[in-house]
Amino acid sequence: MQEVLWPGKTFAINRSVLSFDKLSGFYSKSYEAIYSAIRKLGIKRDGPPCAINFAMDREKAEADLAAAVPVPAAVHEIEGFQKITIPKSKALMLTYFGEYEQMGTAYSALEHYLSTHQLQKALFLEEYLPDPPMEKDLGKWKTNIYVILK
């Protein structure tokens, strides 16, 4: 884990509040739809796909999150999707290798670091390298997990 400077990025997103059991289907459908929309407009993505976690309620087993695809900042609104910019910020970054279902330990480590260093998170952001559908070996799935700090 390291403290880094988040460079600031603009995203086309599909945001929703969902129960944990619906996350997988949400992401696959959302990325497909975002990629289709930006291709039709001739927009090239500006980095790997991401997931943004704005808030999580473990008691209700639901999260406020978004499937996000980086796009150039100059892109206008994309019909059917929101456009947001996460500005340059201080952040923590941890790189995780493996299946998404096993990421709990990585998040526990981040939460522990936040607590012991008295830092406050604005949101979590996962950056997927390479695109999960392109890599079939789950052990090679690399995820950079960022905690954007307040």
# chains A, B, ... in the order shown; residues from 1 in each chain; ligands from 1
$ select_by_dssp --residues "chain A" --states "helix (DSSP H, G or I)" --output "PyMOL selection string"
chain A and resi 20-40+100-102+104-116+132-134+138-140
$ closest_residue --among "A:Leu123, A:Met103, A:Ala55, A:Leu18" --to "Trp141 (chain A)" --atoms "only C-alpha atoms"
A:Met103
$ residues_around --residues "Ala67 (chain A)" --least-positions-apart "4" --cutoff "12 Å" --atoms "only C-alpha atoms" --output "PyMOL selection string"
chain A and resi 11-17+23-35+48-54+81-84+125-128
$ write_last_selection --atoms "N, CA and C atoms" --output "tab-separated table (two decimals), in the first residue's frame"
chain	number	residue	atom	x	y	z
A	11	PHE	N	-15.00	10.36	-16.22
A	11	PHE	CA	-15.59	9.06	-16.51
A	11	PHE	C	-17.00	9.21	-17.08
A	12	ALA	N	-17.36	8.27	-17.94
A	12	ALA	CA	-18.76	8.03	-18.30
A	12	ALA	C	-19.18	6.91	-17.35
A	13	ILE	N	-20.27	7.13	-16.61
A	13	ILE	CA	-20.65	6.15	-15.60
A	13	ILE	C	-22.12	5.73	-15.70
A	14	ASN	N	-22.37	4.56	-15.19
A	14	ASN	CA	-23.73	4.09	-14.93
A	14	ASN	C	-23.77	3.85	-13.42
A	15	ARG	N	-24.49	4.68	-12.69
A	15	ARG	CA	-24.52	4.63	-11.23
A	15	ARG	C	-25.83	4.08	-10.73
A	16	SER	N	-25.76	3.27	-9.66
A	16	SER	CA	-26.96	2.68	-9.09
A	16	SER	C	-26.71	2.28	-7.64
A	17	VAL	N	-27.79	2.10	-6.89
A	17	VAL	CA	-27.72	1.50	-5.56
A	17	VAL	C	-28.27	0.10	-5.71
A	23	LEU	N	-24.40	-7.28	-8.17
A	23	LEU	CA	-23.27	-6.49	-8.65
A	23	LEU	C	-22.67	-7.04	-9.94
A	24	SER	N	-22.43	-8.32	-10.01
A	24	SER	CA	-21.77	-8.90	-11.17
A	24	SER	C	-22.53	-8.62	-12.46
A	25	GLY	N	-23.81	-8.89	-12.48
A	25	GLY	CA	-24.61	-8.64	-13.67
A	25	GLY	C	-24.67	-7.17	-14.03
A	26	PHE	N	-24.74	-6.32	-13.02
A	26	PHE	CA	-24.77	-4.88	-13.24
A	26	PHE	C	-23.52	-4.41	-13.98
A	27	TYR	N	-22.37	-4.84	-13.49
A	27	TYR	CA	-21.12	-4.38	-14.11
A	27	TYR	C	-20.99	-4.85	-15.55
A	28	SER	N	-21.23	-6.12	-15.81
A	28	SER	CA	-21.05	-6.62	-17.18
A	28	SER	C	-21.99	-5.90	-18.15
A	29	LYS	N	-23.24	-5.71	-17.78
A	29	LYS	CA	-24.19	-5.01	-18.66
A	29	LYS	C	-23.81	-3.53	-18.82
A	30	SER	N	-23.38	-2.91	-17.73
A	30	SER	CA	-23.05	-1.48	-17.77
A	30	SER	C	-21.84	-1.20	-18.65
A	31	TYR	N	-20.77	-1.99	-18.49
A	31	TYR	CA	-19.58	-1.77	-19.31
A	31	TYR	C	-19.91	-1.95	-20.79
A	32	GLU	N	-20.65	-3.00	-21.10
A	32	GLU	CA	-21.04	-3.25	-22.48
A	32	GLU	C	-21.80	-2.05	-23.06
A	33	ALA	N	-22.73	-1.52	-22.27
A	33	ALA	CA	-23.54	-0.39	-22.73
A	33	ALA	C	-22.70	0.89	-22.87
A	34	ILE	N	-21.82	1.14	-21.92
A	34	ILE	CA	-20.97	2.34	-22.00
A	34	ILE	C	-20.04	2.25	-23.21
A	35	TYR	N	-19.38	1.09	-23.37
A	35	TYR	CA	-18.49	0.92	-24.52
A	35	TYR	C	-19.24	1.12	-25.84
A	48	PRO	N	-8.26	2.14	-18.46
A	48	PRO	CA	-8.98	0.89	-18.21
A	48	PRO	C	-10.32	1.12	-17.50
A	49	PRO	N	-11.21	0.13	-17.59
A	49	PRO	CA	-12.50	0.25	-16.90
A	49	PRO	C	-12.29	0.30	-15.39
A	50	CYS	N	-13.23	0.94	-14.72
A	50	CYS	CA	-13.15	1.11	-13.27
A	50	CYS	C	-14.51	0.86	-12.64
A	51	ALA	N	-14.49	0.67	-11.34
A	51	ALA	CA	-15.71	0.65	-10.54
A	51	ALA	C	-15.52	1.70	-9.46
A	52	ILE	N	-16.53	2.49	-9.24
A	52	ILE	CA	-16.47	3.52	-8.19
A	52	ILE	C	-17.48	3.14	-7.12
A	53	ASN	N	-17.01	3.07	-5.89
A	53	ASN	CA	-17.88	2.75	-4.76
A	53	ASN	C	-18.02	4.03	-3.93
A	54	PHE	N	-19.21	4.64	-4.02
A	54	PHE	CA	-19.48	5.88	-3.31
A	54	PHE	C	-19.83	5.62	-1.85
A	81	PHE	N	-25.99	8.12	-19.78
A	81	PHE	CA	-24.95	7.95	-18.76
A	81	PHE	C	-24.60	9.29	-18.15
A	82	GLN	N	-24.08	9.24	-16.94
A	82	GLN	CA	-23.59	10.46	-16.30
A	82	GLN	C	-22.12	10.64	-16.66
A	83	LYS	N	-21.67	11.85	-16.58
A	83	LYS	CA	-20.25	12.16	-16.75
A	83	LYS	C	-19.79	12.80	-15.45
A	84	ILE	N	-18.75	12.25	-14.85
A	84	ILE	CA	-18.22	12.83	-13.63
A	84	ILE	C	-16.70	12.95	-13.73
A	125	LEU	N	-12.16	3.39	-5.50
A	125	LEU	CA	-12.17	3.24	-6.94
A	125	LEU	C	-11.30	2.04	-7.30
A	126	GLU	N	-11.85	1.13	-8.09
A	126	GLU	CA	-11.11	-0.04	-8.56
A	126	GLU	C	-10.81	0.15	-10.04
A	127	GLU	N	-9.54	-0.04	-10.40
A	127	GLU	CA	-9.09	0.08	-11.79
A	127	GLU	C	-8.65	-1.31	-12.24
A	128	TYR	N	-9.27	-1.82	-13.31
A	128	TYR	CA	-9.06	-3.20	-13.74
A	128	TYR	C	-8.04	-3.31	-14.88
$ atom_distance --atom1 "CA of Lys60 (chain A)" --atom2 "CA of Lys121 (chain A)"
20.5 Å
$ select_by_dssp --residues "chain A" --states "strand (DSSP E)" --output "ChimeraX atom specification"
/A:2-6,9-19,50-57,62-71,82-86,89-97,121-129,142-149
$ atom_distance --atom1 "CA of Ile78 (chain A)" --atom2 "CA of Ile38 (chain A)"
7.5 Å
$ closest_residue --among "A:Glu62, A:Asp57, A:Glu101, A:Glu77" --to "Ile43 (chain A)" --atoms "only C-alpha atoms"
A:Glu77
$ closest_residue --among "A:Thr10, A:Gln2, A:Asn144, A:Thr95" --to "Ala74 (chain A)" --atoms "only C-alpha atoms"
A:Thr10
$ closest_residue --among "A:Thr105, A:Thr116, A:Met1, A:Lys9" --to "Pro72 (chain A)" --atoms "only C-alpha atoms"
A:Lys9
$ closest_residue --among "A:Ala37, A:Ala63, A:Leu149, A:Leu94" --to "Ser108 (chain A)" --atoms "only C-alpha atoms"
A:Leu94
$ residues_around --residues "Glu111 (chain A)" --least-positions-apart "2" --cutoff "12 Å" --atoms "only C-alpha atoms" --output "PyMOL selection string"
chain A and resi 1+92-94+104-109+113-121+123-124+145-147
$ atom_distance --atom1 "CA of Phe20 (chain A)" --atom2 "CA of Glu79 (chain A)"
26.7 Å
